[in-house]
Structure formats: C-alpha cells, structure tokens
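S.K.: Got a structure for you, model-v7.txt, holding compact mmCIF, C-alpha atoms.
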# COMPACT_ATOMS: atom_id res chain seq x y z
CA MET S 27 34.12 27.90 -11.66
CA THR S 28 32.06 26.60 -14.55
CA GLU S 29 29.13 24.44 -13.54
CA VAL S 30 28.12 21.52 -15.73
CA ARG S 31 24.38 21.09 -16.20
CA LEU S 32 22.32 18.34 -17.70
CA ASN S 33 19.34 19.74 -19.58
CA GLN S 34 16.58 17.46 -20.81
CA TYR S 35 14.17 18.20 -23.63
CA LEU S 36 11.10 16.42 -24.88
CA ALA S 37 10.91 16.52 -28.66
CA THR S 38 7.92 15.42 -30.70
CA VAL S 39 9.01 14.38 -34.17
CA ARG S 40 7.19 12.94 -37.15
CA VAL S 41 9.21 11.22 -39.88
CA ARG S 42 8.39 9.43 -43.11
CA LEU S 43 10.61 6.62 -44.33
CA ALA S 44 11.03 6.04 -48.06
CA GLU S 45 9.28 2.87 -49.18
CA GLU S 46 12.46 1.70 -50.95
CA VAL S 47 14.25 1.62 -47.58
CA LEU S 48 11.47 -0.44 -46.02
CA LEU S 49 11.45 -2.82 -49.00
CA GLN S 50 15.14 -3.57 -48.35
CA HIS S 51 14.02 -5.22 -45.10
CA SER S 52 10.58 -6.59 -46.00
CA ALA S 53 8.87 -8.25 -48.94
CA SER S 54 5.60 -6.48 -48.10
CA SER S 55 4.84 -3.18 -49.78
CA ALA S 56 3.59 -0.53 -47.35
CA VAL S 57 1.83 1.27 -50.22
CA VAL S 58 -0.06 -1.87 -51.26
CA ILE S 59 -1.08 -2.42 -47.62
CA GLY S 60 -2.18 1.21 -47.26
CA ASN S 61 -4.26 1.11 -50.43
CA ALA S 62 -5.95 -2.16 -49.45
CA LEU S 63 -6.67 -0.88 -45.93
CA ALA S 64 -8.14 2.35 -47.30
CA GLU S 65 -10.47 0.48 -49.67
CA GLN S 66 -11.68 -1.99 -47.04
CA ILE S 67 -12.11 0.68 -44.37
CA ASP S 68 -13.94 2.98 -46.78
CA ASP S 69 -16.29 0.13 -47.75
CA PHE S 70 -16.93 -0.69 -44.09
CA VAL S 71 -17.57 2.94 -43.10
CA ARG S 72 -19.99 3.39 -46.01
CA SER S 73 -21.85 0.14 -45.26
CA GLN S 74 -22.17 1.04 -41.56
CA GLN S 75 -22.95 4.71 -42.34
CA MET S 76 -20.47 5.77 -39.68
CA GLY S 77 -19.80 9.25 -41.01
CA TYR S 78 -16.11 9.19 -39.99
CA TYR S 79 -13.02 7.05 -40.49
CA PRO S 80 -11.81 5.36 -37.29
CA ALA S 81 -8.23 4.62 -36.30
CA LEU S 82 -6.82 1.29 -37.43
CA ASP S 83 -6.93 -0.02 -33.84
CA TYR S 84 -10.73 0.08 -34.04
CA PHE S 85 -10.63 -2.73 -36.60
CA SER S 86 -8.58 -5.00 -34.36
CA GLN S 87 -11.76 -5.46 -32.31
CA HIS S 88 -14.07 -5.86 -35.29
CA SER S 89 -13.82 -8.49 -37.98
CA ALA S 90 -14.55 -5.96 -40.72
CA LEU S 91 -11.14 -6.22 -42.39
CA ASP S 92 -9.16 -9.10 -43.82
CA PRO S 93 -7.19 -10.51 -40.84
CA ASP S 94 -4.17 -11.21 -43.07
CA LEU S 95 -4.16 -7.55 -44.10
CA ILE S 96 -4.23 -6.45 -40.45
CA ASP S 97 -1.37 -8.89 -39.70
CA ALA S 98 0.64 -7.50 -42.62
CA ALA S 99 0.05 -3.92 -41.41
CA ASP S 100 1.10 -4.92 -37.88
CA SER S 101 4.29 -6.61 -39.15
CA VAL S 102 5.31 -3.75 -41.41
CA SER S 103 4.51 -1.22 -38.66
CA TRP S 104 6.65 -3.11 -36.17
CA LEU S 105 9.54 -3.21 -38.64
CA LEU S 106 9.07 0.46 -39.51
CA CYS S 107 9.21 1.53 -35.85
CA ARG S 108 12.30 -0.58 -35.27
CA LEU S 109 14.10 0.89 -38.29
CA VAL S 110 13.19 4.44 -37.26
CA ARG S 111 14.34 3.90 -33.65
CA ASN S 112 17.63 2.42 -34.84
CA GLU S 113 18.21 5.32 -37.22
CA PHE S 114 17.49 7.89 -34.50
CA GLN S 115 19.89 6.16 -32.12
CA SER S 116 22.72 5.84 -34.63
CA ARG S 117 22.38 9.39 -35.99
CA LEU S 118 21.85 11.23 -32.70
CA ARG S 119 24.04 9.41 -30.17
CA HIS S 120 27.08 11.53 -31.01
CA VAL S 121 25.19 14.80 -30.43
CA PHE S 122 23.16 14.15 -27.29
CA SER S 123 24.41 12.67 -24.04
CA SER S 124 21.35 10.43 -23.90
CA LEU S 125 18.28 9.62 -25.94
CA ARG S 126 15.19 7.91 -24.52
CA PHE S 127 12.03 7.03 -26.43
CA GLN S 128 8.82 7.80 -24.57
CA ALA S 129 6.49 6.90 -27.42
CA VAL S 130 6.90 5.52 -30.92
CA GLN S 131 3.73 5.10 -32.97
CA THR S 132 3.00 4.41 -36.60
CA ILE S 133 0.72 7.18 -37.89
CA ALA S 134 -1.50 4.55 -39.56
CA TYR S 135 -2.78 3.62 -36.08
CA THR S 136 -3.97 7.13 -35.28
CA MET S 137 -7.31 8.70 -36.17
CA PRO S 138 -7.13 9.95 -39.77
CA ALA S 139 -7.77 13.62 -40.43
CA VAL S 140 -9.79 12.66 -43.50
CA ARG S 141 -13.36 13.81 -43.83
CA TYR S 142 -15.95 11.29 -44.85
CA GLY S 143 -17.41 12.10 -48.27
CA LYS S 144 -14.51 14.32 -49.34
CA ILE S 145 -13.62 14.05 -53.04
CA ASN S 146 -10.09 12.74 -52.41
CA ALA S 147 -11.01 10.74 -49.29
CA LEU S 148 -9.85 7.36 -50.59
CA HIS S 149 -6.50 8.77 -51.73
CA ASP S 150 -5.97 10.61 -48.42
CA LEU S 151 -6.97 7.48 -46.47
CA ALA S 152 -4.45 5.40 -48.39
CA LEU S 153 -1.71 7.90 -47.51
CA HIS S 154 -2.74 7.85 -43.86
CA TYR S 155 -3.01 4.05 -43.52
CA THR S 156 0.24 3.38 -45.40
CA PRO S 157 2.72 2.36 -42.68
CA LEU S 158 5.61 4.64 -43.62
CA SER S 159 5.18 7.50 -41.11
CA VAL S 160 6.05 7.43 -37.43
CA LYS S 161 5.47 9.87 -34.58
CA LEU S 162 8.05 9.83 -31.79
CA ASP S 163 8.25 11.47 -28.39
CA ILE S 164 11.90 11.41 -27.33
CA VAL S 165 13.73 12.77 -24.33
CA LEU S 166 17.08 14.24 -25.31
CA SER S 167 19.76 15.16 -22.79
CA LEU S 168 22.41 17.80 -23.36
CA ILE S 169 25.38 18.53 -21.15
CA ASN S 170 25.78 22.28 -20.96
CA LYS S 171 28.77 24.03 -19.37
CA HIS S 172 27.04 27.36 -19.36
CA ASP S 173 23.90 28.52 -17.63
CA LEU S 174 22.46 29.44 -21.00
CA THR S 175 19.31 27.58 -21.95
CA GLU S 176 17.82 30.16 -24.26
CA GLY S 177 17.94 29.06 -27.87
CA LEU S 178 18.66 25.42 -27.05
CA ASP S 179 15.21 24.34 -28.24
CA GLU S 180 15.93 25.89 -31.64
CA PHE S 181 19.40 24.27 -31.61
CA ILE S 182 17.78 20.89 -30.92
CA GLN S 183 15.23 21.37 -33.70
CA ASN S 184 17.97 22.31 -36.19
CA THR S 185 20.18 19.44 -35.02
CA LEU S 186 17.38 16.91 -35.50
CA HIS S 187 16.78 18.15 -39.04
CA GLN S 188 20.50 18.23 -39.86
CA CYS S 189 21.28 14.77 -38.47
CA LEU S 190 18.20 13.00 -39.86
CA LYS S 191 17.62 14.70 -43.22
CA ASP S 192 19.46 12.03 -45.20
CA SER S 193 17.60 9.17 -43.51
CA PHE S 194 13.97 10.13 -44.10
CA GLU S 195 11.74 11.48 -46.86
CA SER S 196 10.37 14.07 -44.47
CA ILE S 197 10.98 15.28 -40.92
CA GLU S 198 8.65 17.47 -38.90
CA VAL S 199 9.61 18.59 -35.40
CA SER S 200 6.33 19.80 -33.91
CA SER S 201 7.64 20.73 -30.47
CA VAL S 202 10.68 20.86 -28.25
CA LEU S 203 10.00 21.44 -24.56
CA ARG S 204 12.53 21.80 -21.77
CA LEU S 205 11.90 19.39 -18.92
CA ASP S 206 12.51 20.52 -15.37
CA THR S 207 15.49 18.72 -13.93
CA PRO S 208 16.36 18.66 -10.24
Written as structure tokens, how would this file's structure read?

M.R.:
Amino acid sequence: MTEVRLNQYLATVRVRLAEEVLLQHSASSAVVIGNALAEQIDDFVRSQQMGYYPALDYFSQHSALDPDLIDAADSVSWLLCRLVRNEFQSRLRHVFSSLRFQAVQTIAYTMPAVRYGKINALHDLALHYTPLSVKLDIVLSLINKHDLTEGLDEFIQNTLHQCLKDSFESIEVSSVLRLDTP
C-alpha cells in the first residue's frame, strides 16, 4: 500500500521587483528613495567617521536622516513586502500543499555589503537602500506518495524559478532545506 507523506522544506529566496510594478501601486519612486537614502547615509557616515555603512534600522534610532524620507522608505517597504507575499501565494498555491512565511524582509533594512571609501560606494549604497528587493524564508509543504525525498530540493528550487520568473526582475534561491517532520 502506498503511504502518503507530507514533506516540509525551508526555502530562502531573494527577489527583486521591477520598479514599474511598484509604481502601479504607489506614487513614491523606490529609486528616488534609495538614492536620497544613500546620499544622506553617506554624508552621515563621513561626518561621524564611522568607517562602515550601517543598516537602515540604525537610523530609526538616530535623527541623522530626514524623517519624511524614513517614513517614505517604511511605506514603500511595507507595500513591497505585501506585493511580494501576495505574488508568492498566488503563484505557488497550486504547486505546494501549503506555504507559510517565516520571515519577509526588505533588503534595504539589512547591513549593506558596501565598503566605505570604495570608488562606487554611493552607487552601490543606492542599489542596496532602494526598496525593491526582498528576502523571504518560506516553509513549503509537499504531499509525496512515494518514499523518495532525494532530488526534491532541486525540484523545489526549479519550481520556484519556473513559477516566479515572470513576476520578478530577479530570483535567487539560496537554500532549500528539508525539515524533519514527525
């Protein structure tokens, strides 16, 4: 008799939404916000001689940036995360038996991998602080009638790319891990 199994996988995915899509839902330009954030943060870091660029959350506690700019970044980031979550749910619900978000974070709120003093630092900062990229940790469930689990992580990775490729400018699946299920 064939046994039905529920396998769960944790996938870490990074996507970038096209600005045109975001502009259909918001009057604020993510690129303009990213450029302004990069300039103000670069000025602050230079004036304080910090030697590194902090995450955007750092500036929520310091009045170094224009509060309206921070509010605009927060609003666009909230909208971005909502659009991404909705797209994931609508595109993946027919493939997986369940989909649960463990973490959804706009990349702009993470520590930038930009070195202070680098020639293209301002440009790279603007790309980082532009709220168009999101990192997601999602738990995906698959019903499997066979005892085979080998190759399912690659299947999941390929399925994510196939189902989401038309919705985002870029998709990067950094890991797919099988979760132990009782």

S.K.: Kindly give the distance, in Å, that separates CA of Glu46 in chain S and CA of Val58 in chain S, rounded to a single decimal.

M.R.: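 Separation between CA of Glu46 in chain S and CA of Val58 in chain S: 13.0 Å.
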
S.K.: I'd like the neighbourhood of range 149-151 of chain S as a PDB file with C-alpha atoms, in the frame of the given file, where a residue qualifies if any of its atoms comes within 8 Å (using all atoms listed in the file), though same-chain residues fewer than 5 positions away should be ignored.

M.R.:
ATOM      1  CA  GLY S  60      -2.180   1.210 -47.260  1.00  0.00           C
ATOM      2  CA  ASN S  61      -4.260   1.110 -50.430  1.00  0.00           C
ATOM      3  CA  ALA S  64      -8.140   2.350 -47.300  1.00  0.00           C
ATOM      4  CA  PRO S 138      -7.130   9.950 -39.770  1.00  0.00           C
ATOM      5  CA  VAL S 140      -9.790  12.660 -43.500  1.00  0.00           C
TER       6      VAL S 140
END

S.K.: Might you pull out every residue within 10 Å of Ser54 in chain S, with all atoms listed in the file counted and same-chain residues fewer than 4 positions away left off, and present them as a VMD selection string?

M.R.: chain S and resid 48 to 50 58 to 59 98 to 99 101 to 102

S.K.: Rank nothing, just name the residue among S:Ile169, S:Leu125, S:Leu36, S:Ile133 nearest to Asp83 in chain S, using all atoms listed in the file.

M.R.: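 Residue with the minimum atom-to-atom distance to Asp83 in chain S: S:Ile133.
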
S.K.: So which residues touch Gly143 in chain S within 12 Å, counting all atoms listed in the file, skipping near sequence neighbours fewer than 3 positions away, as a ChimeraX atom specification?

M.R.: /S:68,71-72,75-79,140,146-151

S.K.: Just the number, please: distance in Å from CA of Asp206 in chain S to CA of Ala129 in chain S, one decimal.

M.R.: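 CA of Asp206 in chain S sits 19.2 Å away from CA of Ala129 in chain S.
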
S.K.: Mind listing whatever residues come within 9 Å of the point (6.4, 0.3, -37.0)? Use only C-alpha atoms, file coordinates, and give them as a compact mmCIF listing (two decimals) with C-alpha atoms, keeping the file's coordinate frame.

M.R.:
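Below you can see result06.txt, which holds the result:
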# COMPACT_ATOMS: atom_id res chain seq x y z
CA ALA S 99 0.05 -3.92 -41.41
CA ASP S 100 1.10 -4.92 -37.88
CA SER S 101 4.29 -6.61 -39.15
CA VAL S 102 5.31 -3.75 -41.41
CA SER S 103 4.51 -1.22 -38.66
CA TRP S 104 6.65 -3.11 -36.17
CA LEU S 105 9.54 -3.21 -38.64
CA LEU S 106 9.07 0.46 -39.51
CA CYS S 107 9.21 1.53 -35.85
CA ARG S 108 12.30 -0.58 -35.27
CA LEU S 109 14.10 0.89 -38.29
CA VAL S 110 13.19 4.44 -37.26
CA VAL S 130 6.90 5.52 -30.92
CA GLN S 131 3.73 5.10 -32.97
CA THR S 132 3.00 4.41 -36.60
CA ILE S 133 0.72 7.18 -37.89
CA PRO S 157 2.72 2.36 -42.68
CA LEU S 158 5.61 4.64 -43.62
CA SER S 159 5.18 7.50 -41.11
CA VAL S 160 6.05 7.43 -37.43

S.K.: Measuring between all atoms listed in the file, which one of S:Lys144, S:His51, S:His88, S:Lys161 shows the shortest distance to Thr38 in chain S?

M.R.: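 Among S:Lys144, S:His51, S:His88, S:Lys161, it is S:Lys161 that comes nearest to Thr38 in chain S.
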
S.K.: Of the residues S:Asn184, S:Ser196, S:Ser89, S:Ser52, which is the one nearest to Gln66 in chain S, using all atoms listed in the file?

M.R.: S:Ser89

S.K.: Mind pulling up the distance from CA of Val121 in chain S to CA of Gln188 in chain S?

M.R.: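 If I compute the distance from CA of Gln188 in chain S to CA of Val121 in chain S, I get 11.1 Å.
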
S.K.: Put range 86-102 of chain S into a file with all heavy atoms, as an mmCIF file, in the first residue's frame.

M.R.:
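File out08.cif, as written:
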data_model
loop_
_atom_site.group_PDB
_atom_site.id
_atom_site.type_symbol
_atom_site.label_atom_id
_atom_site.label_comp_id
_atom_site.auth_asym_id
_atom_site.auth_seq_id
_atom_site.Cartn_x
_atom_site.Cartn_y
_atom_site.Cartn_z
ATOM 1 N N SER S 86 16.749 54.670 12.474
ATOM 2 C CA SER S 86 15.457 54.866 13.132
ATOM 3 C C SER S 86 15.657 55.386 14.549
ATOM 4 O O SER S 86 14.803 56.066 15.109
ATOM 5 C CB SER S 86 14.691 53.548 13.187
ATOM 6 O OG SER S 86 14.437 53.091 11.894
ATOM 7 N N GLN S 87 16.819 55.075 15.126
ATOM 8 C CA GLN S 87 17.130 55.484 16.493
ATOM 9 C C GLN S 87 17.927 56.782 16.543
ATOM 10 O O GLN S 87 18.113 57.353 17.604
ATOM 11 C CB GLN S 87 17.914 54.377 17.196
ATOM 12 C CG GLN S 87 17.164 53.069 17.241
ATOM 13 C CD GLN S 87 18.069 51.899 17.572
ATOM 14 O OE1 GLN S 87 19.269 52.050 17.702
ATOM 15 N NE2 GLN S 87 17.477 50.717 17.707
ATOM 16 N N HIS S 88 18.417 57.218 15.411
ATOM 17 C CA HIS S 88 19.198 58.457 15.342
ATOM 18 C C HIS S 88 18.491 59.430 14.405
ATOM 19 O O HIS S 88 17.926 59.030 13.399
ATOM 20 C CB HIS S 88 20.608 58.177 14.813
ATOM 21 C CG HIS S 88 21.407 57.297 15.712
ATOM 22 N ND1 HIS S 88 21.279 55.936 15.717
ATOM 23 C CD2 HIS S 88 22.327 57.596 16.655
ATOM 24 C CE1 HIS S 88 22.101 55.423 16.616
ATOM 25 N NE2 HIS S 88 22.748 56.401 17.205
ATOM 26 N N SER S 89 18.539 60.682 14.715
ATOM 27 C CA SER S 89 17.863 61.678 13.881
ATOM 28 C C SER S 89 18.803 62.217 12.805
ATOM 29 O O SER S 89 18.796 63.393 12.493
ATOM 30 C CB SER S 89 17.331 62.814 14.755
ATOM 31 O OG SER S 89 18.402 63.399 15.469
ATOM 32 N N ALA S 90 19.589 61.326 12.217
ATOM 33 C CA ALA S 90 20.566 61.739 11.211
ATOM 34 C C ALA S 90 19.940 61.907 9.829
ATOM 35 O O ALA S 90 20.478 62.625 8.990
ATOM 36 C CB ALA S 90 21.693 60.714 11.138
ATOM 37 N N LEU S 91 18.822 61.252 9.584
ATOM 38 C CA LEU S 91 18.187 61.310 8.269
ATOM 39 C C LEU S 91 16.879 62.080 8.339
ATOM 40 O O LEU S 91 16.263 62.195 9.393
ATOM 41 C CB LEU S 91 17.903 59.899 7.751
ATOM 42 C CG LEU S 91 19.083 58.947 7.611
ATOM 43 C CD1 LEU S 91 18.621 57.620 7.045
ATOM 44 C CD2 LEU S 91 20.183 59.541 6.748
ATOM 45 N N ASP S 92 16.438 62.541 7.192
ATOM 46 C CA ASP S 92 15.157 63.225 7.067
ATOM 47 C C ASP S 92 14.048 62.255 7.479
ATOM 48 O O ASP S 92 13.908 61.178 6.882
ATOM 49 C CB ASP S 92 14.985 63.667 5.612
ATOM 50 C CG ASP S 92 13.658 64.343 5.330
ATOM 51 O OD1 ASP S 92 12.849 64.503 6.260
ATOM 52 O OD2 ASP S 92 13.444 64.701 4.158
ATOM 53 N N PRO S 93 13.261 62.599 8.502
ATOM 54 C CA PRO S 93 12.206 61.679 8.967
ATOM 55 C C PRO S 93 11.162 61.354 7.893
ATOM 56 O O PRO S 93 10.628 60.247 7.859
ATOM 57 C CB PRO S 93 11.552 62.409 10.143
ATOM 58 C CG PRO S 93 12.286 63.668 10.349
ATOM 59 C CD PRO S 93 13.326 63.818 9.294
ATOM 60 N N ASP S 94 10.895 62.307 6.998
ATOM 61 C CA ASP S 94 9.949 62.040 5.906
ATOM 62 C C ASP S 94 10.512 60.996 4.942
ATOM 63 O O ASP S 94 9.755 60.186 4.388
ATOM 64 C CB ASP S 94 9.616 63.323 5.149
ATOM 65 C CG ASP S 94 8.780 64.286 5.975
ATOM 66 O OD1 ASP S 94 8.097 63.820 6.926
ATOM 67 O OD2 ASP S 94 8.817 65.495 5.684
ATOM 68 N N LEU S 95 11.820 61.017 4.762
ATOM 69 C CA LEU S 95 12.468 60.031 3.893
ATOM 70 C C LEU S 95 12.390 58.641 4.520
ATOM 71 O O LEU S 95 12.096 57.661 3.827
ATOM 72 C CB LEU S 95 13.923 60.430 3.638
ATOM 73 C CG LEU S 95 14.725 59.529 2.712
ATOM 74 C CD1 LEU S 95 14.077 59.430 1.339
ATOM 75 C CD2 LEU S 95 16.152 60.062 2.599
ATOM 76 N N ILE S 96 12.610 58.563 5.815
ATOM 77 C CA ILE S 96 12.495 57.280 6.528
ATOM 78 C C ILE S 96 11.049 56.776 6.440
ATOM 79 O O ILE S 96 10.822 55.581 6.186
ATOM 80 C CB ILE S 96 12.928 57.418 8.001
ATOM 81 C CG1 ILE S 96 14.417 57.730 8.099
ATOM 82 C CG2 ILE S 96 12.583 56.175 8.800
ATOM 83 C CD1 ILE S 96 15.320 56.565 7.747
ATOM 84 N N ASP S 97 10.076 57.673 6.630
ATOM 85 C CA ASP S 97 8.664 57.285 6.523
ATOM 86 C C ASP S 97 8.334 56.779 5.118
ATOM 87 O O ASP S 97 7.602 55.792 4.954
ATOM 88 C CB ASP S 97 7.746 58.457 6.868
ATOM 89 C CG ASP S 97 7.736 58.780 8.347
ATOM 90 O OD1 ASP S 97 8.203 57.943 9.161
ATOM 91 O OD2 ASP S 97 7.258 59.882 8.708
ATOM 92 N N ALA S 98 8.869 57.445 4.108
ATOM 93 C CA ALA S 98 8.630 57.017 2.725
ATOM 94 C C ALA S 98 9.244 55.637 2.480
ATOM 95 O O ALA S 98 8.612 54.773 1.854
ATOM 96 C CB ALA S 98 9.216 58.036 1.746
ATOM 97 N N ALA S 99 10.450 55.420 2.985
ATOM 98 C CA ALA S 99 11.101 54.107 2.840
ATOM 99 C C ALA S 99 10.294 53.030 3.557
ATOM 100 O O ALA S 99 10.113 51.926 3.026
ATOM 101 C CB ALA S 99 12.529 54.155 3.381
ATOM 102 N N ASP S 100 9.800 53.347 4.749
ATOM 103 C CA ASP S 100 8.983 52.387 5.504
ATOM 104 C C ASP S 100 7.703 52.041 4.736
ATOM 105 O O ASP S 100 7.323 50.876 4.648
ATOM 106 C CB ASP S 100 8.613 52.945 6.880
ATOM 107 C CG ASP S 100 9.787 52.985 7.846
ATOM 108 O OD1 ASP S 100 10.812 52.317 7.593
ATOM 109 O OD2 ASP S 100 9.673 53.699 8.874
ATOM 110 N N SER S 101 7.042 53.050 4.199
ATOM 111 C CA SER S 101 5.785 52.831 3.464
ATOM 112 C C SER S 101 5.998 52.000 2.206
ATOM 113 O O SER S 101 5.247 51.056 1.940
ATOM 114 C CB SER S 101 5.148 54.169 3.077
ATOM 115 O OG SER S 101 4.774 54.884 4.215
ATOM 116 N N VAL S 102 7.015 52.348 1.446
ATOM 117 C CA VAL S 102 7.288 51.614 0.213
ATOM 118 C C VAL S 102 7.728 50.181 0.545
ATOM 119 O O VAL S 102 7.327 49.229 -0.132
ATOM 120 C CB VAL S 102 8.340 52.351 -0.649
ATOM 121 C CG1 VAL S 102 8.831 51.485 -1.795
ATOM 122 C CG2 VAL S 102 7.744 53.646 -1.195
#
